[in-house]
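Below is structure.cif, which holds mmCIF, C-alpha atoms.
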```cif
data_input
#
loop_
_atom_site.label_atom_id
_atom_site.label_comp_id
_atom_site.auth_asym_id
_atom_site.auth_seq_id
_atom_site.Cartn_x
_atom_site.Cartn_y
_atom_site.Cartn_z
CA MET K 296 -1.72 65.64 57.54
CA THR K 297 -2.13 65.75 53.76
CA PRO K 298 -1.35 69.17 52.27
CA ALA K 299 -4.11 70.70 50.17
CA LEU K 300 -3.51 70.99 46.45
CA ASN K 301 -2.70 74.44 45.01
CA ARG K 302 -2.12 76.02 48.41
CA LEU K 303 1.07 77.35 49.92
CA PRO K 304 2.56 74.99 52.50
CA THR K 305 2.56 75.89 56.19
CA GLY K 306 5.44 75.28 58.56
CA ALA K 307 3.36 72.73 60.46
CA GLU K 308 2.56 70.82 57.26
CA VAL K 309 6.20 70.81 56.22
CA SER K 310 7.34 69.46 59.61
CA ALA K 311 4.56 66.86 59.69
CA THR K 312 5.64 65.68 56.23
CA HIS K 313 9.27 65.44 57.32
CA ASP K 314 8.31 63.39 60.39
CA ARG K 315 6.02 61.12 58.38
CA LEU K 316 8.78 60.40 55.88
CA LEU K 317 11.31 59.63 58.62
CA ALA K 318 8.87 57.04 59.97
CA TYR K 319 8.31 55.44 56.55
CA PRO K 320 9.71 51.86 56.35
CA GLY K 321 12.96 51.80 54.40
CA TRP K 322 13.35 55.59 54.28
CA PRO K 323 15.38 57.15 52.73
CA ARG K 324 16.33 54.36 50.30
CA ASP K 325 12.63 53.67 49.82
CA GLU K 326 10.07 56.46 49.72
CA PRO K 327 6.30 56.84 49.37
CA PRO K 328 4.70 58.83 46.55
CA PRO K 329 4.90 62.56 47.43
CA ALA K 330 1.83 64.64 48.09
CA THR K 331 0.20 66.01 44.94
CA GLY K 332 1.93 69.06 43.55
CA GLU K 333 5.38 69.80 42.21
CA THR K 334 6.39 71.79 45.28
CA TRP K 335 5.74 68.79 47.51
CA HIS K 336 7.67 66.55 45.12
CA TRP K 337 10.77 68.72 45.50
CA LEU K 338 10.23 69.23 49.23
CA GLN K 339 10.27 65.46 49.65
CA ALA K 340 13.34 65.18 47.42
CA ASN K 341 15.16 67.74 49.55
CA HIS K 342 14.32 65.80 52.72
CA ARG K 343 15.38 62.51 51.16
CA PHE K 344 18.76 63.88 50.10
CA ASN K 345 19.25 65.43 53.53
CA SER K 346 18.48 62.03 55.08
CA LEU K 347 20.92 60.26 52.77
CA LEU K 348 23.52 62.95 53.50
CA TRP K 349 23.03 62.50 57.26
CA ALA K 350 23.57 58.74 57.00
CA GLU K 351 26.60 59.13 54.74
CA GLU K 352 28.21 61.63 57.11
CA ASP K 353 27.84 59.07 59.91
CA LEU K 354 29.67 56.53 57.76
CA ALA K 355 32.40 59.04 56.96
CA ARG K 356 33.18 59.37 60.70
CA ARG K 357 34.19 55.73 60.99
CA THR K 358 37.76 55.06 62.15
CA THR K 359 37.91 51.29 61.65
CA VAL K 360 37.62 51.07 57.87
CA ALA K 361 40.02 51.57 54.98
CA ASP K 362 40.71 55.08 53.71
CA ALA K 363 39.17 54.12 50.36
CA GLU K 364 35.79 53.63 52.05
CA ILE K 365 35.94 57.07 53.65
CA ALA K 366 36.88 58.58 50.28
CA ALA K 367 33.82 56.92 48.76
CA ASN K 368 31.69 58.36 51.56
CA LYS K 369 33.08 61.83 50.84
CA ARG K 370 32.21 61.57 47.15
CA ALA K 371 28.70 60.43 48.04
CA ILE K 372 28.35 63.35 50.47
CA ASP K 373 29.28 65.80 47.71
CA GLY K 374 26.67 64.29 45.41
CA TYR K 375 23.88 64.30 48.00
CA ASN K 376 24.73 67.86 49.01
CA GLN K 377 24.45 68.97 45.39
CA ALA K 378 21.11 67.21 45.00
CA ARG K 379 19.85 68.72 48.25
CA ASN K 380 20.74 72.22 47.08
CA ASP K 381 19.21 71.63 43.65
CA ALA K 382 15.94 70.57 45.30
CA THR K 383 16.00 73.64 47.58
CA GLU K 384 16.43 75.94 44.58
CA ARG K 385 13.56 74.22 42.76
CA VAL K 386 11.29 74.72 45.79
CA ASP K 387 12.20 78.42 45.79
CA GLU K 388 11.41 78.75 42.09
CA LEU K 389 8.02 77.12 42.50
CA LEU K 390 7.09 79.17 45.56
CA LEU K 391 8.12 82.42 43.88
CA VAL K 392 5.86 81.58 40.92
CA ALA K 393 2.99 80.55 43.22
CA LEU K 394 3.36 83.86 45.10
CA GLY K 395 3.35 85.80 41.83
CA LEU K 396 6.79 87.27 42.53
CA VAL K 397 8.50 85.89 39.41
CA ASP K 398 7.36 85.37 35.84
CA ALA K 399 6.77 81.62 35.45
CA ALA K 400 8.45 81.32 32.05
CA SER K 401 11.68 82.85 33.34
CA ALA K 402 11.78 81.36 36.84
CA ARG K 403 14.45 78.77 36.06
CA THR K 404 16.68 81.03 33.98
CA ASP K 405 19.70 83.05 35.07
CA ALA K 406 17.64 86.23 34.64
CA PRO K 407 14.19 85.66 36.14
CA VAL K 408 11.72 88.47 35.46
CA SER K 409 10.71 90.01 38.78
CA LYS K 410 7.07 90.82 39.56
CA VAL K 411 7.83 92.11 43.06
CA PRO K 412 5.61 95.05 44.06
CA PRO K 413 7.31 98.37 44.85
CA GLY K 414 8.30 98.82 48.48
CA ALA K 415 8.52 95.11 49.35
CA ARG K 416 11.48 94.25 51.55
CA LEU K 417 14.04 91.66 50.49
CA ASN K 418 14.30 88.75 52.94
CA SER K 419 17.87 87.50 53.17
CA GLU K 420 16.79 83.88 53.69
CA THR K 421 14.67 82.13 51.11
CA ALA K 422 11.58 80.07 51.84
CA GLY K 423 13.30 77.05 50.30
CA SER K 424 16.30 77.40 52.59
CA MET K 425 13.94 77.54 55.57
CA ILE K 426 12.33 74.30 54.40
CA ASP K 427 15.82 72.83 54.10
CA ARG K 428 16.55 73.90 57.69
CA LEU K 429 13.25 72.38 58.84
CA SER K 430 14.37 69.12 57.23
CA ILE K 431 17.63 69.19 59.21
CA MET K 432 15.67 70.00 62.38
CA ALA K 433 13.46 66.96 61.77
CA LEU K 434 16.56 64.76 61.49
CA LYS K 435 17.99 66.20 64.71
CA ILE K 436 14.71 65.65 66.54
CA HIS K 437 14.48 62.10 65.21
CA ALA K 438 18.02 61.32 66.39
CA MET K 439 17.58 62.98 69.79
CA ARG K 440 14.29 61.20 70.40
CA ALA K 441 16.12 57.91 69.86
CA GLN K 442 18.55 58.93 72.61
CA THR K 443 15.64 59.40 75.05
CA GLU K 444 14.53 55.81 74.37
CA ARG K 445 17.87 54.05 74.76
CA ARG K 446 18.09 51.29 77.36
CA ASP K 447 21.86 50.83 77.24
CA VAL K 448 22.47 54.19 78.97
CA ASP K 449 21.56 55.56 82.40
CA GLU K 450 18.61 57.79 83.24
CA THR K 451 20.88 60.84 83.47
CA HIS K 452 21.65 60.50 79.76
CA ARG K 453 17.99 60.02 78.85
CA ALA K 454 16.92 63.01 80.98
CA ALA K 455 19.54 65.27 79.40
CA SER K 456 18.41 64.08 75.98
CA ARG K 457 14.78 64.92 76.80
CA VAL K 458 15.80 68.49 77.67
CA LYS K 459 17.65 68.80 74.35
CA LEU K 460 14.70 67.28 72.51
CA ASP K 461 12.36 69.91 73.96
CA ARG K 462 14.74 72.66 72.83
CA LEU K 463 14.95 71.23 69.33
CA ARG K 464 11.16 71.06 69.10
CA GLN K 465 10.90 74.70 70.18
CA GLN K 466 13.53 75.74 67.65
CA ARG K 467 11.61 73.95 64.91
CA ALA K 468 8.34 75.55 65.96
CA ASP K 469 9.99 79.00 65.91
CA LEU K 470 11.43 78.37 62.44
CA GLY K 471 8.07 77.14 61.17
CA ALA K 472 6.41 80.31 62.46
CA CYS K 473 9.03 82.46 60.70
CA PHE K 474 8.40 80.50 57.50
CA ASP K 475 4.67 81.15 57.75
CA GLU K 476 5.30 84.85 58.38
CA LEU K 477 7.57 85.15 55.34
CA LEU K 478 5.02 83.54 53.02
CA ALA K 479 2.21 85.68 54.47
CA ASP K 480 4.24 88.84 53.99
CA ALA K 481 5.21 87.80 50.46
CA GLN K 482 1.61 87.05 49.59
CA ALA K 483 0.59 90.46 50.90
CA GLY K 484 3.29 92.25 48.89
CA ARG K 485 5.33 93.22 51.93
CA ALA K 486 8.32 90.93 51.35
CA TYR K 487 10.06 88.85 48.75
CA PHE K 488 13.03 86.55 48.36
CA LYS K 489 15.24 85.44 45.50
CA VAL K 490 16.67 82.13 44.33
CA TYR K 491 20.31 82.08 45.35
CA ARG K 492 22.31 79.61 43.27
CA GLN K 493 24.87 77.65 45.29
CA PHE K 494 27.30 76.91 42.43
CA LYS K 495 28.88 73.83 44.02
CA MET K 496 32.13 73.87 42.07
CA TYR K 497 33.43 70.56 43.40
CA ASN K 498 30.71 68.68 41.50
CA ASP K 499 31.44 70.37 38.18
CA PRO K 500 34.44 68.88 36.31
CA LYS K 501 34.95 72.18 34.46
CA TYR K 502 36.17 73.75 37.71
CA ARG K 503 38.62 70.99 38.65
CA SER K 504 42.29 71.52 38.07
CA LYS K 505 44.04 69.10 35.72
CA ALA K 506 46.09 67.84 38.64
CA ALA K 507 42.98 66.82 40.59
#
```

As a first step, turn the structure in this file into structure tokens.
Amino acid sequence: MTPALNRLPTGAEVSATHDRLLAYPGWPRDEPPPATGETWHWLQANHRFNSLLWAEEDLARRTTVADAEIAANKRAIDGYNQARNDATERVDELLLVALGLVDAASARTDAPVSKVPPGARLNSETAGSMIDRLSIMALKIHAMRAQTERRDVDETHRAASRVKLDRLRQQRADLGACFDELLADAQAGRAYFKVYRQFKMYNDPKYRSKAA
């Protein structure tokens, strides 16, 4: 499914994009060109950094390598987590502008100019953070599906994995529906969200103690 240009994404389109990228040869080190539009560029970037983060966390759980390798994994995890959050915030900025809820010229500043209509409710979760969660759900589904196809385990394991896979798919469908509802309400002036900066201090040398 190729998302239409200049249209807000749907939960189904987001999930289909995540699945398509996970099936791309060489992903996440290699990636295809993103769908047209800056929102889709940053959505793909978020998914790529989540995928790299997932793989790096697997490496960090190793118990048969030198401590220096685990330390390197930890540093890489911090970097990917920062990049993932940066991409999420950029998606939020772009969606807020597309919804007409923030002045475009101020969207990336520390004091964005709100254009939220009176009476709209504030949603505690942002649309970008929901996309980020959909990305994680896609990774969980991808990993659980692999468990259902293993041939080095018994059928009991595969059957239990199929049950978990069905639950994960339902959870993703529910989240996608909530995402669609938030965007519909925001478009209708009933709801809005804000960009919440994560301020990952561990990646900023200004916040490190001199002893670190």

Identify which of the residues K:Glu308, K:Asp314, K:Asp353, K:Asp480 lies closest to Ser430 in chain K, counting all atoms listed in the file when measuring atom-to-atom distances. K:Asp314

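Between CA of Ala402 in chain K and CA of Thr331 in chain K the separation is 20.9 Å.
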
Please measure the separation of CA of Ala311 in chain K and CA of Gly395 in chain K, giving the value in Å to one decimal. 26.1 Å

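Between CA of Ala318 in chain K and CA of Glu476 in chain K the interatomic distance comes to 28.1 Å.
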
Please evaluate the PyMOL selection byres ((chain K and resi 390-394) around 10) against the displayed coordinates and give the resulting residues as a compact mmCIF listing (two decimals) with C-alpha atoms, in the coordinates of the input.
```
# COMPACT_ATOMS: atom_id res chain seq x y z
CA ASN K 301 -2.70 74.44 45.01
CA ARG K 302 -2.12 76.02 48.41
CA LEU K 303 1.07 77.35 49.92
CA PRO K 304 2.56 74.99 52.50
CA THR K 334 6.39 71.79 45.28
CA GLU K 384 16.43 75.94 44.58
CA ARG K 385 13.56 74.22 42.76
CA VAL K 386 11.29 74.72 45.79
CA ASP K 387 12.20 78.42 45.79
CA GLU K 388 11.41 78.75 42.09
CA LEU K 389 8.02 77.12 42.50
CA GLY K 395 3.35 85.80 41.83
CA LEU K 396 6.79 87.27 42.53
CA VAL K 397 8.50 85.89 39.41
CA ASP K 398 7.36 85.37 35.84
CA ALA K 399 6.77 81.62 35.45
CA ALA K 400 8.45 81.32 32.05
CA SER K 401 11.68 82.85 33.34
CA ALA K 402 11.78 81.36 36.84
CA SER K 409 10.71 90.01 38.78
CA LYS K 410 7.07 90.82 39.56
CA VAL K 411 7.83 92.11 43.06
CA THR K 421 14.67 82.13 51.11
CA ALA K 422 11.58 80.07 51.84
CA GLY K 423 13.30 77.05 50.30
CA LEU K 478 5.02 83.54 53.02
CA ALA K 479 2.21 85.68 54.47
CA ALA K 481 5.21 87.80 50.46
CA GLN K 482 1.61 87.05 49.59
CA ALA K 483 0.59 90.46 50.90
CA GLY K 484 3.29 92.25 48.89
CA TYR K 487 10.06 88.85 48.75
CA PHE K 488 13.03 86.55 48.36
CA LYS K 489 15.24 85.44 45.50
CA VAL K 490 16.67 82.13 44.33
```

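All residues of protein, DNA or RNA that reach within 7 Å of range 452-464 of chain K, judged by only C-alpha atoms and not counting those fewer than 4 positions away in the chain, are Ile436, Met439, Arg440, Gln442, Thr443, Val448 and Ala468 of chain K.
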
Selected residues, C-alpha atoms, written as an mmCIF file, keeping the file's coordinate frame, please.
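Below you can see result15.cif, which holds the result:
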```
data_model
loop_
_atom_site.group_PDB
_atom_site.id
_atom_site.type_symbol
_atom_site.label_atom_id
_atom_site.label_comp_id
_atom_site.auth_asym_id
_atom_site.auth_seq_id
_atom_site.Cartn_x
_atom_site.Cartn_y
_atom_site.Cartn_z
ATOM 1 C CA ILE K 436 14.710 65.650 66.540
ATOM 2 C CA MET K 439 17.580 62.980 69.790
ATOM 3 C CA ARG K 440 14.290 61.200 70.400
ATOM 4 C CA GLN K 442 18.550 58.930 72.610
ATOM 5 C CA THR K 443 15.640 59.400 75.050
ATOM 6 C CA VAL K 448 22.470 54.190 78.970
ATOM 7 C CA ALA K 468 8.340 75.550 65.960
#
```
